[in-house]
file target_30.txt (compact mmCIF, C-alpha atoms and all ligand atoms)
# COMPACT_ATOMS: atom_id res chain seq x y z
CA MET I 1 25.55 -62.53 -40.53
CA ASN I 2 28.98 -61.00 -40.16
CA GLN I 3 31.55 -63.49 -41.49
CA ARG I 4 34.64 -61.37 -41.00
CA PRO I 5 37.27 -63.02 -38.75
CA PHE I 6 37.33 -61.96 -35.10
CA HIS I 7 40.57 -60.03 -35.39
CA ASP I 8 39.24 -57.88 -38.23
CA GLN I 9 36.64 -56.53 -35.88
CA HIS I 10 38.49 -56.49 -32.57
CA ARG I 11 41.78 -55.37 -31.17
CA ILE I 12 42.04 -56.73 -27.67
CA PRO I 13 43.99 -54.23 -25.54
CA LEU I 14 46.43 -55.24 -22.83
CA ALA I 15 44.45 -53.41 -20.19
CA ARG I 16 41.34 -51.31 -19.79
CA PRO I 17 40.16 -49.52 -16.63
CA TRP I 18 36.72 -50.26 -15.20
CA PHE I 19 34.79 -47.03 -14.69
CA ASP I 20 31.09 -46.48 -14.21
CA GLU I 21 28.85 -43.61 -13.19
CA ALA I 22 30.29 -43.55 -9.65
CA GLU I 23 33.64 -42.21 -10.88
CA VAL I 24 31.95 -39.70 -13.18
CA ALA I 25 29.75 -38.37 -10.37
CA ALA I 26 32.62 -38.29 -7.86
CA ALA I 27 34.83 -36.30 -10.24
CA ALA I 28 32.00 -33.90 -11.10
CA ASP I 29 31.25 -33.33 -7.40
CA VAL I 30 34.83 -32.29 -6.77
CA VAL I 31 34.80 -29.87 -9.69
CA ARG I 32 31.53 -28.37 -8.45
CA SER I 33 32.93 -28.06 -4.92
CA GLY I 34 35.71 -25.78 -6.17
CA GLN I 35 38.30 -27.46 -3.92
CA LEU I 36 40.66 -29.24 -6.26
CA CYS I 37 43.67 -29.86 -4.05
CA GLN I 38 44.50 -30.59 -0.40
CA GLY I 39 40.90 -31.29 0.55
CA PRO I 40 38.66 -33.94 2.09
CA GLN I 41 38.85 -36.41 -0.81
CA THR I 42 42.58 -37.02 -0.48
CA GLU I 43 42.33 -37.35 3.29
CA ALA I 44 39.44 -39.83 2.97
CA PHE I 45 41.25 -41.76 0.22
CA GLU I 46 44.30 -42.11 2.46
CA ASN I 47 42.24 -43.24 5.44
CA GLU I 48 40.28 -45.76 3.40
CA PHE I 49 43.43 -47.10 1.71
CA ALA I 50 45.21 -47.49 5.07
CA ALA I 51 42.19 -49.32 6.51
CA LYS I 52 42.01 -51.64 3.51
CA MET I 53 45.70 -52.49 3.76
CA HIS I 54 45.64 -52.78 7.59
CA VAL I 55 48.40 -50.20 8.03
CA ARG I 56 48.70 -47.11 10.22
CA HIS I 57 49.54 -44.67 7.44
CA ALA I 58 48.80 -44.10 3.77
CA VAL I 59 50.26 -41.03 2.05
CA ALA I 60 48.85 -40.13 -1.37
CA VAL I 61 51.25 -38.73 -3.97
CA SER I 62 51.14 -37.80 -7.63
CA ASN I 63 52.31 -41.15 -9.06
CA GLY I 64 54.04 -44.42 -8.21
CA SER I 65 57.48 -43.20 -9.25
CA VAL I 66 57.19 -40.21 -6.92
CA ALA I 67 56.01 -42.61 -4.20
CA LEU I 68 59.31 -44.50 -4.59
CA LEU I 69 61.31 -41.27 -4.53
CA VAL I 70 59.55 -39.80 -1.49
CA ALA I 71 59.63 -43.06 0.50
CA LEU I 72 63.34 -43.66 -0.19
CA GLU I 73 64.14 -40.08 0.83
CA ALA I 74 62.05 -40.49 3.98
CA MET I 75 64.04 -43.64 4.80
CA GLY I 76 67.25 -41.64 4.54
CA VAL I 77 68.61 -42.79 1.18
CA SER I 78 71.04 -40.15 -0.07
CA GLY I 79 74.22 -39.60 -2.09
CA GLY I 80 76.57 -42.58 -2.22
CA ASP I 81 74.11 -45.08 -0.76
CA GLU I 82 73.67 -48.39 -2.55
CA VAL I 83 70.19 -49.72 -3.14
CA ILE I 84 69.62 -53.34 -4.17
CA VAL I 85 67.04 -53.75 -6.95
CA PRO I 86 65.94 -56.54 -9.30
CA ASP I 87 67.41 -56.48 -12.80
CA MET I 88 63.94 -56.83 -14.33
CA THR I 89 61.40 -54.19 -13.33
CA PHE I 90 59.96 -50.86 -14.44
CA ILE I 91 62.64 -48.19 -14.76
CA SER I 92 61.60 -45.93 -11.87
CA THR I 93 62.09 -48.70 -9.30
CA VAL I 94 65.75 -48.00 -9.98
CA THR I 95 65.94 -44.37 -11.05
CA ALA I 96 64.13 -43.21 -7.90
CA ALA I 97 67.25 -44.05 -5.86
CA MET I 98 69.46 -42.43 -8.51
CA ARG I 99 67.44 -39.19 -8.24
CA LEU I 100 68.63 -39.09 -4.61
CA GLY I 101 72.24 -39.70 -5.61
CA GLY I 102 72.06 -43.40 -4.82
CA THR I 103 73.71 -46.21 -6.76
CA PRO I 104 71.62 -49.14 -7.97
CA VAL I 105 72.99 -52.62 -7.38
CA PHE I 106 71.22 -55.12 -9.61
CA GLY I 107 70.33 -58.63 -8.56
CA ASP I 108 69.17 -61.34 -10.92
CA ILE I 109 65.57 -62.57 -10.87
CA THR I 110 64.33 -66.14 -10.52
CA LEU I 111 62.70 -67.90 -13.44
CA THR I 112 59.98 -69.13 -11.07
CA ASP I 113 58.27 -65.93 -9.92
CA TYR I 114 60.39 -63.44 -11.94
CA ASN I 115 61.14 -61.51 -8.73
CA LEU I 116 64.50 -60.59 -7.21
CA ASP I 117 66.35 -63.81 -6.33
CA ALA I 118 66.36 -63.38 -2.56
CA THR I 119 69.04 -66.04 -2.13
CA LEU I 120 71.53 -63.80 -4.00
CA VAL I 121 70.82 -60.59 -2.13
CA GLU I 122 73.18 -61.10 0.79
CA SER I 123 76.11 -61.43 -1.62
CA LEU I 124 75.29 -57.94 -2.96
CA VAL I 125 75.41 -56.21 0.43
CA THR I 126 78.38 -53.88 1.04
CA PRO I 127 79.10 -51.31 3.78
CA LYS I 128 77.39 -48.74 1.52
CA THR I 129 74.11 -50.65 1.17
CA LYS I 130 71.19 -48.72 2.60
CA ALA I 131 68.06 -50.39 1.28
CA ILE I 132 66.52 -53.21 -0.71
CA VAL I 133 63.68 -52.45 -3.11
CA PRO I 134 61.98 -55.75 -3.94
CA VAL I 135 59.33 -55.60 -6.66
CA HIS I 136 56.20 -57.73 -6.62
CA TYR I 137 56.39 -58.27 -10.36
CA ALA I 138 53.07 -58.76 -12.19
CA GLY I 139 51.39 -58.54 -8.78
CA HIS I 140 53.08 -61.68 -7.44
CA THR I 141 54.67 -61.26 -4.03
CA ALA I 142 58.44 -61.58 -3.75
CA ASP I 143 60.20 -63.84 -1.24
CA MET I 144 59.81 -61.47 1.71
CA ASP I 145 60.90 -63.90 4.47
CA VAL I 146 64.42 -64.21 3.12
CA LEU I 147 64.67 -60.50 2.26
CA THR I 148 63.44 -59.46 5.70
CA GLU I 149 66.06 -61.68 7.34
CA VAL I 150 68.90 -60.25 5.21
CA ALA I 151 67.70 -56.71 5.95
CA ARG I 152 67.58 -57.46 9.69
CA ARG I 153 71.09 -58.96 9.71
CA HIS I 154 72.61 -55.96 7.90
CA ASP I 155 70.39 -53.18 9.27
CA LEU I 156 68.91 -52.30 5.86
CA ARG I 157 65.57 -50.69 5.04
CA ILE I 158 63.08 -52.46 2.79
CA LEU I 159 60.85 -50.45 0.46
CA GLU I 160 58.41 -52.76 -1.32
CA ASP I 161 57.61 -51.73 -4.86
CA ALA I 162 54.01 -52.95 -4.85
CA ALA I 163 53.13 -50.64 -7.75
CA GLU I 164 51.51 -53.64 -9.46
CA ALA I 165 50.47 -55.67 -6.43
CA HIS I 166 47.25 -54.24 -4.98
CA LEU I 167 45.68 -56.83 -2.64
CA ALA I 168 48.21 -59.56 -3.44
CA ARG I 169 49.07 -61.42 -0.24
CA TYR I 170 52.37 -62.88 0.87
CA LYS I 171 51.89 -66.59 1.63
CA GLY I 172 48.17 -65.87 1.88
CA GLY I 173 48.76 -63.47 4.81
CA LYS I 174 49.84 -59.83 4.83
CA PHE I 175 49.22 -57.63 1.82
CA ALA I 176 52.07 -56.77 -0.54
CA GLY I 177 53.48 -53.40 0.45
CA THR I 178 52.81 -53.86 4.17
CA ILE I 179 55.69 -56.18 5.11
CA GLY I 180 58.78 -54.00 4.70
CA ASP I 181 59.48 -50.61 6.30
CA ALA I 182 57.18 -49.07 3.68
CA GLY I 183 55.51 -49.99 0.41
CA ILE I 184 54.32 -48.08 -2.63
CA PHE I 185 51.45 -48.44 -5.12
CA SER I 186 50.77 -46.96 -8.54
CA PHE I 187 47.39 -45.97 -9.95
CA THR I 188 48.16 -45.56 -13.66
CA PRO I 189 45.41 -46.74 -16.03
CA THR I 190 46.93 -50.20 -16.59
CA LYS I 191 46.90 -50.99 -12.86
CA PRO I 192 44.05 -52.87 -11.11
CA MET I 193 42.79 -49.53 -9.75
CA THR I 194 43.48 -46.19 -11.36
CA THR I 195 43.29 -42.47 -10.70
CA GLY I 196 44.77 -41.57 -14.10
CA GLU I 197 48.08 -40.69 -12.48
CA GLY I 198 48.51 -41.40 -8.80
CA GLY I 199 50.45 -43.21 -6.13
CA MET I 200 50.32 -44.20 -2.46
CA ILE I 201 52.93 -44.87 0.19
CA VAL I 202 51.93 -47.17 3.05
CA THR I 203 53.80 -47.73 6.29
CA ASP I 204 53.36 -48.61 9.96
CA ASN I 205 56.35 -46.46 10.82
CA ASP I 206 55.20 -43.08 12.24
CA GLU I 207 58.50 -41.37 11.50
CA ILE I 208 58.64 -42.48 7.85
CA ALA I 209 55.00 -41.41 7.38
CA GLU I 210 55.65 -38.01 8.90
CA ARG I 211 58.67 -37.44 6.65
CA CYS I 212 56.75 -38.57 3.57
CA ARG I 213 53.99 -36.06 4.35
CA LEU I 214 56.52 -33.28 4.78
CA ILE I 215 58.49 -34.10 1.62
CA ARG I 216 55.25 -34.35 -0.39
CA ASN I 217 54.19 -30.84 0.57
CA PHE I 218 57.27 -28.60 0.20
CA GLY I 219 58.57 -29.56 3.66
CA ASP I 220 55.86 -27.27 5.07
CA ARG I 221 54.90 -27.88 8.71
CA GLY I 222 52.19 -25.23 8.75
CA LYS I 223 51.51 -22.09 6.81
CA PHE I 224 54.80 -21.37 5.05
CA ASP I 225 56.84 -23.03 7.79
CA TRP I 226 59.34 -24.68 5.43
CA ASP I 227 61.16 -26.87 7.87
CA ALA I 228 62.56 -29.57 5.60
CA MET I 229 63.57 -30.10 1.99
CA GLY I 230 60.46 -31.08 0.10
CA PHE I 231 58.63 -30.38 -3.11
CA ASN I 232 55.15 -30.62 -4.61
CA TYR I 233 54.31 -34.33 -4.97
CA ARG I 234 50.61 -34.05 -4.03
CA LEU I 235 47.68 -35.96 -5.47
CA ASN I 236 44.76 -33.75 -6.54
CA GLU I 237 41.18 -34.04 -5.29
CA VAL I 238 39.62 -35.29 -8.54
CA ALA I 239 42.11 -38.14 -8.66
CA SER I 240 41.51 -38.96 -4.99
CA ALA I 241 37.73 -39.00 -5.47
CA ILE I 242 38.11 -41.41 -8.41
CA GLY I 243 40.55 -43.48 -6.34
CA ARG I 244 37.95 -43.92 -3.58
CA CYS I 245 35.44 -45.33 -6.11
CA GLN I 246 38.07 -47.66 -7.52
CA LEU I 247 39.12 -48.81 -4.06
CA ALA I 248 35.50 -49.70 -3.28
CA LYS I 249 35.55 -52.06 -6.30
CA LEU I 250 39.05 -53.42 -5.76
CA ASP I 251 38.05 -56.78 -4.22
CA GLU I 252 35.78 -57.44 -7.16
CA ILE I 253 38.39 -56.31 -9.68
CA ILE I 254 41.04 -58.63 -8.23
CA ALA I 255 38.60 -61.56 -8.02
CA MET I 256 37.84 -61.09 -11.72
CA ARG I 257 41.52 -60.96 -12.61
CA ARG I 258 42.20 -64.15 -10.66
CA GLU I 259 39.31 -65.87 -12.38
CA LYS I 260 40.64 -64.85 -15.80
CA ALA I 261 44.13 -66.06 -14.87
CA ARG I 262 42.69 -69.48 -13.90
CA ARG I 263 40.99 -69.59 -17.29
CA TYR I 264 44.25 -68.88 -19.07
CA ASP I 265 46.04 -71.49 -16.92
CA ALA I 266 43.49 -74.13 -17.89
CA GLY I 267 43.42 -73.04 -21.53
CA PHE I 268 47.22 -73.26 -21.90
CA ALA I 269 47.72 -76.35 -19.72
CA ASN I 270 48.43 -78.61 -22.69
CA CYS I 271 50.60 -76.19 -24.65
CA GLU I 272 54.25 -77.23 -24.35
CA LEU I 273 55.48 -74.17 -26.22
CA LEU I 274 54.91 -71.79 -23.31
CA HIS I 275 55.28 -71.57 -19.53
CA ILE I 276 52.30 -70.23 -17.59
CA PRO I 277 52.94 -68.04 -14.51
CA TRP I 278 53.91 -69.84 -11.31
CA VAL I 279 52.02 -68.84 -8.16
CA ARG I 280 52.87 -69.62 -4.57
CA GLY I 281 49.23 -69.71 -3.52
CA PRO I 282 45.81 -68.61 -4.78
CA GLU I 283 46.00 -65.14 -3.20
CA ASP I 284 49.72 -64.49 -3.67
CA SER I 285 49.12 -62.77 -7.02
CA ASN I 286 46.57 -60.23 -8.20
CA TYR I 287 47.54 -60.97 -11.84
CA GLN I 288 48.26 -57.37 -12.68
CA LEU I 289 50.00 -59.04 -15.62
CA TYR I 290 49.59 -62.50 -17.07
CA THR I 291 53.13 -63.10 -18.26
CA ILE I 292 54.03 -66.20 -20.21
CA ARG I 293 57.49 -67.35 -21.22
CA LEU I 294 57.89 -68.97 -24.62
CA ALA I 295 59.90 -72.18 -25.08
CA MET I 296 62.41 -70.43 -27.37
CA ASP I 297 64.40 -73.64 -27.99
CA ARG I 298 61.30 -75.05 -29.71
CA LEU I 299 60.60 -72.01 -31.90
CA ARG I 300 62.07 -70.93 -35.24
CA VAL I 301 61.43 -67.23 -34.67
CA SER I 302 62.09 -64.62 -31.99
CA ARG I 303 59.68 -63.57 -29.27
CA ASP I 304 59.31 -60.21 -31.08
CA ALA I 305 58.17 -62.07 -34.21
CA ILE I 306 55.51 -63.83 -32.10
CA ILE I 307 54.41 -60.46 -30.68
CA ALA I 308 54.15 -59.09 -34.23
CA GLU I 309 52.08 -62.09 -35.35
CA LEU I 310 49.73 -61.80 -32.36
CA THR I 311 49.35 -58.07 -33.03
CA GLU I 312 48.42 -58.92 -36.60
CA ARG I 313 45.70 -61.21 -35.26
CA GLY I 314 44.28 -58.59 -32.92
CA VAL I 315 45.91 -59.63 -29.62
CA SER I 316 47.93 -56.90 -27.89
CA THR I 317 51.00 -58.26 -26.08
CA ARG I 318 54.16 -56.71 -24.76
CA LEU I 319 57.42 -57.42 -22.98
CA TYR I 320 57.23 -56.19 -19.39
CA TYR I 321 60.28 -55.61 -18.87
CA PRO I 322 63.77 -55.88 -20.38
CA ALA I 323 66.89 -56.65 -18.33
CA LEU I 324 67.79 -53.27 -16.89
CA HIS I 325 71.57 -53.53 -16.43
CA ARG I 326 71.96 -53.05 -20.22
CA GLN I 327 69.93 -49.85 -20.41
CA GLY I 328 71.79 -46.68 -21.41
CA VAL I 329 70.68 -44.75 -18.34
CA PHE I 330 72.96 -46.95 -16.19
CA ARG I 331 76.03 -46.43 -18.39
CA GLN I 332 77.58 -44.13 -15.76
CA PHE I 333 78.01 -47.15 -13.43
CA GLY I 334 80.23 -48.88 -15.98
CA PRO I 335 79.61 -52.06 -17.93
CA HIS I 336 77.69 -54.83 -16.24
CA ASP I 337 78.56 -58.42 -16.90
CA ASP I 338 75.62 -60.15 -18.62
CA SER I 339 76.67 -63.46 -17.12
CA ARG I 340 75.60 -62.19 -13.68
CA PHE I 341 72.01 -61.95 -14.91
CA PRO I 342 71.26 -65.18 -16.77
CA ASN I 343 67.62 -65.29 -15.70
CA ALA I 344 66.78 -61.67 -16.51
CA MET I 345 68.43 -62.17 -19.91
CA ALA I 346 66.50 -65.39 -20.57
CA PHE I 347 63.30 -63.67 -19.48
CA GLU I 348 63.95 -60.68 -21.73
CA SER I 349 64.18 -62.85 -24.84
CA ALA I 350 61.23 -65.14 -24.07
CA ALA I 351 58.55 -63.31 -22.07
CA LEU I 352 55.38 -61.57 -23.12
CA SER I 353 52.31 -60.41 -21.23
CA LEU I 354 48.80 -61.15 -22.45
CA PRO I 355 45.68 -59.00 -22.06
CA ILE I 356 44.15 -59.27 -18.59
CA PHE I 357 41.67 -56.88 -17.01
CA SER I 358 38.31 -57.13 -15.29
CA GLY I 359 36.34 -56.34 -18.46
CA LEU I 360 38.05 -58.93 -20.70
CA THR I 361 35.13 -60.87 -22.14
CA ALA I 362 34.90 -64.66 -22.33
CA GLU I 363 34.77 -64.37 -26.13
CA GLU I 364 37.95 -62.28 -26.20
CA GLN I 365 39.72 -64.62 -23.83
CA ASP I 366 38.65 -67.74 -25.73
CA TYR I 367 40.03 -66.15 -28.86
CA ILE I 368 43.40 -65.49 -27.14
CA ILE I 369 43.49 -69.03 -25.69
CA ASP I 370 42.90 -70.38 -29.18
CA THR I 371 45.24 -68.01 -31.02
CA VAL I 372 48.41 -68.04 -28.88
CA PRO I 373 49.10 -71.82 -29.09
CA LYS I 374 48.16 -71.75 -32.76
CA VAL I 375 50.69 -68.99 -33.55
CA LEU I 376 53.38 -70.82 -31.55
CA ALA I 377 52.64 -74.14 -33.30
CA GLU I 378 52.89 -72.44 -36.70
CA ASN I 379 56.36 -71.19 -35.73
CA CYS I 380 57.59 -74.40 -34.17
CA LYS I 381 60.93 -75.95 -35.29
C1 LIG I 401 56.94 -52.08 -10.77
C2 LIG I 401 56.61 -50.64 -11.00
N1 LIG I 401 57.26 -49.69 -10.30
C3 LIG I 401 56.99 -48.38 -10.46
C4 LIG I 401 56.02 -47.95 -11.34
C5 LIG I 401 55.82 -46.48 -11.51
O1 LIG I 401 54.52 -46.05 -11.26
P1 LIG I 401 53.96 -44.73 -12.03
O2 LIG I 401 53.79 -45.10 -13.47
O3 LIG I 401 52.66 -44.48 -11.33
O4 LIG I 401 54.94 -43.65 -11.83
C6 LIG I 401 55.30 -48.91 -12.09
C7 LIG I 401 54.21 -48.56 -13.02
O5 LIG I 401 54.27 -47.89 -13.97
C8 LIG I 401 55.61 -50.28 -11.92
O6 LIG I 401 54.97 -51.22 -12.63
call {"tool": "encode", "arguments": {"input": "target_30.txt", "output": "structure tokens"}}
result
Amino acid sequence: MNQRPFHDQHRIPLARPWFDEAEVAAAADVVRSGQLCQGPQTEAFENEFAAKMHVRHAVAVSNGSVALLVALEAMGVSGGDEVIVPDMTFISTVTAAMRLGGTPVFGDITLTDYNLDATLVESLVTPKTKAIVPVHYAGHTADMDVLTEVARRHDLRILEDAAEAHLARYKGGKFAGTIGDAGIFSFTPTKPMTTGEGGMIVTDNDEIAERCRLIRNFGDRGKFDWDAMGFNYRLNEVASAIGRCQLAKLDEIIAMRREKARRYDAGFANCELLHIPWVRGPEDSNYQLYTIRLAMDRLRVSRDAIIAELTERGVSTRLYYPALHRQGVFRQFGPHDDSRFPNAMAFESAALSLPIFSGLTAEEQDYIIDTVPKVLAENCK
């Protein structure tokens, strides 16, 4: 019998895609067909994605960051416009607007759902504000009612960054990404569904959809009829074919993630050294991430020391994401006052995300549920 400890034999990754023979066959079929771009797979992927999300339009692009860029441009964001963003998100939520000459205006997050604090947003609106880009962090829907009301009052566009939020619902109703003027999704390998690299823009607005399609394809209205400023932001046929297979499994994938999140919740219920994720309702998160916050006032060591210890014991963990206002890329907008972002700062020093994906085994998860509280207890004051 093998007596070596679990972590000598295993390294549990943060995420792992779920592929089977369907994706392999679909990719091979495209290669055999000889049509690798602008073909039937991308069109079918868009139609199927739009139907799944109950929206009029889905526009496939080369990744989630490009989806943000194209959608903001289609909404008319340009030089000098201000765009309100959460202080804690992936970098391209913010740099997409900057690529168009826009200025990011950071808002603090809440320590409940880790999303943009909607109650602060109105105080950030100026005559230059053009759009709000709420992020459904970790796949948990942001407070869209309040944001929609602020946007209506000030005539602002809302682009939902649902890069992580496939099939998450807002208050159990509409899907993330389908509430604002447009929404975007990412299909990188850590996401609930993946095409390797890939992204999708969804909208019910015919004009935004039309502009997204133009911008994605060089601004070309026909054969070399370059009518608008665009570029090549297309998704290729192999990726689209894989995306269709993943979409067909998405309900199952999300159900498995939710089940694993419930298991973590129950497993950590008695651990006072961490905070489990808050959820508004059972379908309001897809648990793209399972992010816990450590009770730093009870620990002798930093969150990074805990990450190092967990790594040592075979559990991959990571901070998603730091407070953005301190990042060097935003230096050109002058210094930001840390005191305006107490929650993003507190999150940055205390949060870590645990492995969660459809193929996480019960044995792996039991090991994590056992190990995390143990490591925290060993480092308790
Ligand atoms: C919140 C958020 N926005 C944007 C992106 C960018 O997507 P992509 O990596 O497909 O460019 C990601 C994922 O990486 C993300 O998590």
call {"tool": "closest_residue", "arguments": {"input": "target_30.txt", "among": "I:Val315, I:Ile208, I:Cys245, I:Val105", "to": "Ala44 in chain I", "atoms": "only C-alpha atoms"}}
result
I:Cys245
call {"tool": "closest_residue", "arguments": {"input": "target_30.txt", "among": "I:Glu197, I:Glu73, I:Asp108, I:Asp145", "to": "ligand LIG 401 (chain I)", "atoms": "all atoms listed in the file"}}
result
I:Glu197
call {"tool": "residues_near_ligand", "arguments": {"input": "target_30.txt", "ligand": "ligand LIG 401 (chain I)", "cutoff": "7 Å", "atoms": "all atoms listed in the file", "output": "MDAnalysis selection string"}}
result
chainID I and resid 63:66 89:90 92:93 135 137 161:164 186:188 197:199
call {"tool": "atom_distance", "arguments": {"input": "target_30.txt", "atom1": "CA of Glu48 in chain I", "atom2": "CA of Gly196 in chain I"}}
result
18.5 Å
call {"tool": "closest_residue", "arguments": {"input": "target_30.txt", "among": "I:Gln332, I:Gln288, I:Ser33, I:Asn232", "to": "Cys212 in chain I", "atoms": "only C-alpha atoms"}}
result
I:Asn232
call {"tool": "closest_residue", "arguments": {"input": "target_30.txt", "among": "I:Ile292, I:Ala305, I:Ile253, I:Val133", "to": "Pro355 in chain I", "atoms": "all atoms listed in the file"}}
result
I:Ile292
call {"tool": "closest_residue", "arguments": {"input": "target_30.txt", "among": "I:Leu100, I:Val202, I:Ala15, I:Cys271", "to": "Arg318 in chain I", "atoms": "all atoms listed in the file"}}
result
I:Ala15
call {"tool": "atom_distance", "arguments": {"input": "target_30.txt", "atom1": "CA of Met75 in chain I", "atom2": "CA of Gly183 in chain I"}}
result
11.5 Å
call {"tool": "residues_around", "arguments": {"input": "target_30.txt", "residues": "Ser316 in chain I", "least_positions_apart": "6", "cutoff": "6 Å", "atoms": "only C-alpha atoms", "output": "list in words"}}
result
Ile12, Pro13 and Leu14 of chain I
call {"tool": "atom_distance", "arguments": {"input": "target_30.txt", "atom1": "CA of Ser302 in chain I", "atom2": "CA of Lys381 in chain I"}}
result
11.9 Å
call {"tool": "residues_around", "arguments": {"input": "target_30.txt", "residues": "Gly79 in chain I", "least_positions_apart": "2", "cutoff": "10 Å", "atoms": "all atoms listed in the file", "output": "PyMOL selection string"}}
result
chain I and resi 76-77+81-82+97-103
call {"tool": "write_last_selection", "arguments": {"input": "target_30.txt", "atoms": "C-alpha atoms", "output": "PDB file, in the coordinates of the input"}}
result
ATOM      1  CA  GLY I  76      67.250 -41.640   4.540  1.00  0.00           C
ATOM      2  CA  VAL I  77      68.610 -42.790   1.180  1.00  0.00           C
ATOM      3  CA  ASP I  81      74.110 -45.080  -0.760  1.00  0.00           C
ATOM      4  CA  GLU I  82      73.670 -48.390  -2.550  1.00  0.00           C
ATOM      5  CA  ALA I  97      67.250 -44.050  -5.860  1.00  0.00           C
ATOM      6  CA  MET I  98      69.460 -42.430  -8.510  1.00  0.00           C
ATOM      7  CA  ARG I  99      67.440 -39.190  -8.240  1.00  0.00           C
ATOM      8  CA  LEU I 100      68.630 -39.090  -4.610  1.00  0.00           C
ATOM      9  CA  GLY I 101      72.240 -39.700  -5.610  1.00  0.00           C
ATOM     10  CA  GLY I 102      72.060 -43.400  -4.820  1.00  0.00           C
ATOM     11  CA  THR I 103      73.710 -46.210  -6.760  1.00  0.00           C
TER      12      THR I 103
END
call {"tool": "closest_residue", "arguments": {"input": "target_30.txt", "among": "I:Leu319, I:Met53, I:Ile254, I:Ala151", "to": "Gly173 in chain I", "atoms": "only C-alpha atoms"}}
result
I:Met53
call {"tool": "axis_aligned_box", "arguments": {"input": "target_30.txt", "around": "range 275-288 of chain I", "padding_each_side": "6 Å", "output": "JSON"}}
result
{"center_x": 50.5, "center_y": -64.5, "center_z": -11.4, "size_x": 21.5, "size_y": 26.2, "size_z": 28.3}
call {"tool": "residues_near_point", "arguments": {"input": "target_30.txt", "point": "(48.3, -67.6, -4.9)", "cutoff": "10 Å", "atoms": "only C-alpha atoms", "output": "list in words"}}
result
His140, Thr141, Ala168, Arg169, Tyr170, Lys171, Gly172, Arg258, Trp278, Val279, Arg280, Gly281, Pro282, Glu283, Asp284, Ser285, Asn286 and Tyr287 of chain I
call {"tool": "residues_near_point", "arguments": {"input": "target_30.txt", "point": "(54.2, -46.2, -1.8)", "cutoff": "6 Å", "atoms": "only C-alpha atoms", "output": "list in words"}}
result
Ala67, Gly183, Ile184, Phe185, Met200, Ile201 and Val202 of chain I
call {"tool": "write_last_selection", "arguments": {"input": "target_30.txt", "atoms": "C-alpha atoms", "output": "compact mmCIF listing (two decimals), in the coordinates of the input"}}
result
# COMPACT_ATOMS: atom_id res chain seq x y z
CA ALA I 67 56.01 -42.61 -4.20
CA GLY I 183 55.51 -49.99 0.41
CA ILE I 184 54.32 -48.08 -2.63
CA PHE I 185 51.45 -48.44 -5.12
CA MET I 200 50.32 -44.20 -2.46
CA ILE I 201 52.93 -44.87 0.19
CA VAL I 202 51.93 -47.17 3.05
call {"tool": "residues_around", "arguments": {"input": "target_30.txt", "residues": "Ala255 in chain I", "least_positions_apart": "4", "cutoff": "9 Å", "atoms": "only C-alpha atoms", "output": "PyMOL selection string"}}
result
chain I and resi 250-251+259-260+286+358
call {"tool": "residues_around", "arguments": {"input": "target_30.txt", "residues": "Val24 in chain I", "least_positions_apart": "3", "cutoff": "12 Å", "atoms": "only C-alpha atoms", "output": "ChimeraX atom specification"}}
result
/I:18-21,27-31,195,238-239,241-243,245-246
call {"tool": "write_last_selection", "arguments": {"input": "target_30.txt", "atoms": "C-alpha atoms", "output": "short mmCIF file (atom, residue, chain, number, x, y, z; two decimals), in the frame of the given file"}}
result
data_model
loop_
_atom_site.label_atom_id
_atom_site.label_comp_id
_atom_site.auth_asym_id
_atom_site.auth_seq_id
_atom_site.Cartn_x
_atom_site.Cartn_y
_atom_site.Cartn_z
CA TRP I 18 36.72 -50.26 -15.20
CA PHE I 19 34.79 -47.03 -14.69
CA ASP I 20 31.09 -46.48 -14.21
CA GLU I 21 28.85 -43.61 -13.19
CA ALA I 27 34.83 -36.30 -10.24
CA ALA I 28 32.00 -33.90 -11.10
CA ASP I 29 31.25 -33.33 -7.40
CA VAL I 30 34.83 -32.29 -6.77
CA VAL I 31 34.80 -29.87 -9.69
CA THR I 195 43.29 -42.47 -10.70
CA VAL I 238 39.62 -35.29 -8.54
CA ALA I 239 42.11 -38.14 -8.66
CA ALA I 241 37.73 -39.00 -5.47
CA ILE I 242 38.11 -41.41 -8.41
CA GLY I 243 40.55 -43.48 -6.34
CA CYS I 245 35.44 -45.33 -6.11
CA GLN I 246 38.07 -47.66 -7.52
#
call {"tool": "decode", "arguments": {"input": "target_30.txt", "residues": "range 328-333 of chain I", "atoms": "N, CA and C atoms", "output": "CSV table (one decimal), in the first residue's frame"}}
result
chain,number,residue,atom,x,y,z
I,328,GLY,N,0.9,50.1,-11.4
I,328,GLY,CA,1.7,51.1,-12.1
I,328,GLY,C,1.1,51.5,-13.4
I,329,VAL,N,0.3,50.7,-14.0
I,329,VAL,CA,-0.3,51.1,-15.3
I,329,VAL,C,-1.2,52.3,-15.2
I,330,PHE,N,-1.7,52.6,-13.9
I,330,PHE,CA,-2.6,53.7,-13.7
I,330,PHE,C,-1.9,55.0,-13.2
I,331,ARG,N,-0.6,54.9,-13.2
I,331,ARG,CA,0.2,56.0,-12.7
I,331,ARG,C,-0.1,57.3,-13.4
I,332,GLN,N,-0.4,57.3,-14.7
I,332,GLN,CA,-0.6,58.5,-15.5
I,332,GLN,C,-1.8,59.3,-14.9
I,333,PHE,N,-2.7,58.6,-14.1
I,333,PHE,CA,-3.9,59.4,-13.6
I,333,PHE,C,-3.6,60.0,-12.3
